[in-house]
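Asks: Take this structure, written in structure tokens, and hold onto it; I'll ask about it next.
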Amino acid sequence: MGLLSFIKKNAPEKKTFNSGADRGILVFENTSEVIRAETVLKERGMRVKVMGPPPAIRKGCDLVIEFPLIEELMILRILEGAKVPPIDSVPVTGPLLKPVELFQNKDFGDYLMVRAANMKITVSKESLEIVNVSGGGCPDVPYLAQEMVGKKLTEAPSPREIGHTLCGYALQLAFEEIRRICLR
Amino acid sequence: MLAIVGTVPQQDFPLTEGEVSLMDGKLLISGKSLPVLRGTPALLAASASVSSLLRAENPYAFLVGDIGKGDGSRRLYEYLTGVFPRKTFSAIAFHYLQPDVDWHNRVLFSVEEMTERPLLIADAGFMYAAKMSGQAQQYDLFTPDAGEMAFLADEEAPHPFYTRGFILHEQNIVSKLIERAYLHENASRMLIVKGREDIIATKDGVSKTVREPVVETLEPIGGTGDTLTGIVSALAAYGIPLEGSAVAACRANRLAGLLASPTPATQVSEIVARIPEALERIIERADLHLTLMP
């Protein structure tokens, strides 16, 4: 056994959050919806599996679908398109956790910025053009910025339509909030 | 040499590795050209600017196209597990990648197989995966913003989107968030918390705060966090001690912003163009030129 292997073998076990830390659970009304949803998602190449619900889930039927939590936005869009939306979507490690509900607005005079969780969107008050998208860490954020910046709030594609991840989802919330403020 | 691992927002951009240079405002890698937009390209451009100024080696990038589906990131993760054990880098900066705990752990294991352990820096999606995996303490530097710091502080949250409200409310007291993140072992050896004040901290608490110059309009500009991570990565890879690199990077990034006379509509490429001048001024002011320049 080489020295490196020996050290690795005898090294203290590293703390591991747990293997489900990046997984989420989709909850449905009944098992036939679960089966339909699983079929649709697997046909689209999504990495999902059907399992029993954890004890903290107190609604829905006795089967749930486990999915990659980061890809929640894309998965919900697929299920809504197939007319089999879940009644809830929660993280495996914290079924009681809810998406952020806090928005922070910052007025820059001619511009307004709205932040939801880790995502920020800024528009020109006069032209209603999206001038910047910042924050976030998932790979759809630079893509969303590329597709949205330079377009008016009324014309820009929504992150719900073209985003894929939880960062995209957070940007969707910020987008809805800034639209609510600017287009009222 | 600094290695940078990340994605570009083009679905068809192939998995590519190679030295990166910045020429006429464009990034060049393996015969391909990329615009300096927010995300990993902004980080690369900032690092390339700093390396050029220091007359150091160009950064070396591992890139793939990914628009959020995660397919590109997973291909890159798999590739890295094969090549990392045979590579030598002084630092590796992981950036916009689809957070995936299983792949994160495999990549980290492949890093541990390298002959010499590089400095490990994580930002954006890979930092999220590092925290979720419970391996945050394996990293030398994370560079969160205020929202991401709240996520690191929340031991329950699997993503900033699920950060609990009572922790988000504490975000104005960043030192408490830092303390909580270290308490639950969800922070790297050192943190740079990017914000109105840039805060540098370790498990012992806040060590440095960079407040000047104040440029309020940098916050809405997408990519200004990426440039900060790019600058500190290049300085640290060059051999500057991590805290000194962090302070110099925070100052230089702010000054580059100021020099660009930004509005909230300014794009990050305009700030990248000012990084060499800003860093030169910081080096002169801090009388660090003998340490930094060859």
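Order determines the names: the first chain of the structure tokens is A, the second B, and so forth; residues in each chain are numbered 1 upward, and ligands are numbered 1 upward as they are shown.
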Using DSSP secondary structure from the backbone, list all helix (DSSP H, G or I) positions within range 151-240 of chain B, as a VMD selection string.

Replies: chain B and resid 151 to 153 160 to 162 165 to 172 174 to 183 216 to 218 224 to 238

Asks: Go through chain B and flag each residue having an atom no more than 7 Å from chain A; for those, report the closest pair of atoms plus their distance in Å to one decimal, using only C-alpha atoms, ordered by chain and rising number, as a tab-separated table.

Replies:
```
residue	atom	partner	partner_atom	distance
B:Thr7	CA	A:Pro139	CA	6.7
B:Pro9	CA	A:Tyr143	CA	4.8
B:Arg38	CA	A:Pro142	CA	6.0
B:Gly39	CA	A:Pro142	CA	5.7
B:Asp66	CA	A:Pro139	CA	6.0
B:Ile67	CA	A:Asp140	CA	4.5
B:Gly68	CA	A:Asp140	CA	4.0
B:Lys69	CA	A:His164	CA	6.1
B:Tyr96	CA	A:Pro139	CA	5.4
B:Leu97	CA	A:Pro139	CA	5.7
B:Gln98	CA	A:Cys138	CA	5.6
B:Pro99	CA	A:Ile70	CA	7.0
B:Asp100	CA	A:Asp22	CA	6.6
B:Val101	CA	A:Asp22	CA	6.4
B:Ala124	CA	A:Gly137	CA	3.8
B:Gly125	CA	A:Gly137	CA	4.3
B:Met132	CA	A:Ala21	CA	5.9
B:Ser133	CA	A:Phe17	CA	5.3
B:Gly134	CA	A:Phe17	CA	4.5
B:Gln135	CA	A:Thr16	CA	6.8
B:Gly147	CA	A:Asn118	CA	4.9
B:Glu148	CA	A:Asn118	CA	6.2
B:Glu156	CA	A:Gly94	CA	6.6
B:Pro158	CA	A:Ala21	CA	6.1
B:Pro160	CA	A:Ala117	CA	6.0
B:Phe161	CA	A:Pro99	CA	5.6
B:Tyr162	CA	A:Pro99	CA	4.8
B:Thr163	CA	A:Val100	CA	6.5
B:Gly165	CA	A:Val100	CA	6.8
B:Pro220	CA	A:Ser134	CA	6.0
B:Ile221	CA	A:Asn132	CA	5.8
B:Gly222	CA	A:Ser134	CA	3.9
B:Gly223	CA	A:Ser134	CA	6.7
B:Pro264	CA	A:Tyr111	CA	6.9
B:Ala265	CA	A:Val131	CA	4.8
```

Asks: In Å to one decimal, how far is CA of Met114 in chain B from CA of Lys87 in chain B?

Replies: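 Distance between the two atoms: 6.7 Å.
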
Asks: Counting only C-alpha atoms, figure out which residue out of B:Asn186, B:His95, B:Ala46, B:Val5 gets nearest to Ala61 in chain B.

Replies: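 Among the listed residues, B:Val5 lies closest to Ala61 in chain B.
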
Asks: List as a PyMOL selection string the protein and nucleic acid residues near Ile192 in chain B, meaning an atom at most 12 Å away when only C-alpha atoms are counted, but skip any in the same chain fewer than 6 places from it.

Replies: chain B and resi 121-123+140-146+148-149+174-175+178+198-202+205-210+225+228-229+232-233+242-250

Asks: Emit the selected residues as a PDB file, in the first residue's frame, including C-alpha atoms.

Replies:
```pdb
ATOM      1  CA  ILE B 121     -11.059  28.556  -4.555  1.00  0.00           C
ATOM      2  CA  ALA B 122     -14.790  28.199  -5.153  1.00  0.00           C
ATOM      3  CA  ASP B 123     -17.461  30.660  -6.160  1.00  0.00           C
ATOM      4  CA  ASP B 140      -9.055  27.754   0.953  1.00  0.00           C
ATOM      5  CA  LEU B 141     -11.360  30.507  -0.256  1.00  0.00           C
ATOM      6  CA  PHE B 142     -15.046  31.102  -0.954  1.00  0.00           C
ATOM      7  CA  THR B 143     -16.193  34.430  -2.376  1.00  0.00           C
ATOM      8  CA  PRO B 144     -19.914  34.760  -1.549  1.00  0.00           C
ATOM      9  CA  ASP B 145     -22.013  37.916  -1.793  1.00  0.00           C
ATOM     10  CA  ALA B 146     -24.399  38.836   1.028  1.00  0.00           C
ATOM     11  CA  GLU B 148     -24.819  33.648  -0.627  1.00  0.00           C
ATOM     12  CA  MET B 149     -23.296  34.325   2.793  1.00  0.00           C
ATOM     13  CA  VAL B 174     -22.455  39.786   8.124  1.00  0.00           C
ATOM     14  CA  SER B 175     -20.121  38.940  11.000  1.00  0.00           C
ATOM     15  CA  ILE B 178     -19.822  34.285   9.106  1.00  0.00           C
ATOM     16  CA  ASP B 198     -15.883  43.668   1.340  1.00  0.00           C
ATOM     17  CA  ILE B 199     -15.224  41.539   4.407  1.00  0.00           C
ATOM     18  CA  ILE B 200     -12.355  39.102   4.730  1.00  0.00           C
ATOM     19  CA  ALA B 201     -12.784  36.536   7.471  1.00  0.00           C
ATOM     20  CA  THR B 202     -11.577  33.246   8.882  1.00  0.00           C
ATOM     21  CA  GLY B 205     -13.667  36.279  12.782  1.00  0.00           C
ATOM     22  CA  VAL B 206     -13.385  39.290  10.510  1.00  0.00           C
ATOM     23  CA  SER B 207      -9.740  40.052   9.786  1.00  0.00           C
ATOM     24  CA  LYS B 208      -9.960  42.850   7.228  1.00  0.00           C
ATOM     25  CA  THR B 209     -12.646  45.130   5.838  1.00  0.00           C
ATOM     26  CA  VAL B 210     -12.262  47.000   2.557  1.00  0.00           C
ATOM     27  CA  GLY B 225     -18.224  39.538  -8.227  1.00  0.00           C
ATOM     28  CA  LEU B 228     -13.124  40.051  -7.873  1.00  0.00           C
ATOM     29  CA  THR B 229     -12.810  36.259  -7.761  1.00  0.00           C
ATOM     30  CA  VAL B 232      -7.829  37.230  -6.106  1.00  0.00           C
ATOM     31  CA  SER B 233      -7.353  33.868  -7.818  1.00  0.00           C
ATOM     32  CA  LEU B 242      -4.101  34.667   0.617  1.00  0.00           C
ATOM     33  CA  GLU B 243      -5.104  37.524   2.899  1.00  0.00           C
ATOM     34  CA  GLY B 244      -2.871  39.988   1.046  1.00  0.00           C
ATOM     35  CA  SER B 245      -4.312  38.764  -2.251  1.00  0.00           C
ATOM     36  CA  ALA B 246      -7.823  39.212  -0.902  1.00  0.00           C
ATOM     37  CA  VAL B 247      -7.262  42.767   0.289  1.00  0.00           C
ATOM     38  CA  ALA B 248      -5.487  43.810  -2.920  1.00  0.00           C
ATOM     39  CA  ALA B 249      -8.213  42.198  -5.044  1.00  0.00           C
ATOM     40  CA  CYS B 250     -11.044  43.919  -3.172  1.00  0.00           C
TER      41      CYS B 250
END
```

Asks: Find the residues around Leu76 in chain A up to 7 Å (only C-alpha atoms counted), leave out those fewer than 4 positions away in its own chain, and share them as a PyMOL selection string.

Replies: chain A and resi 72+80+85
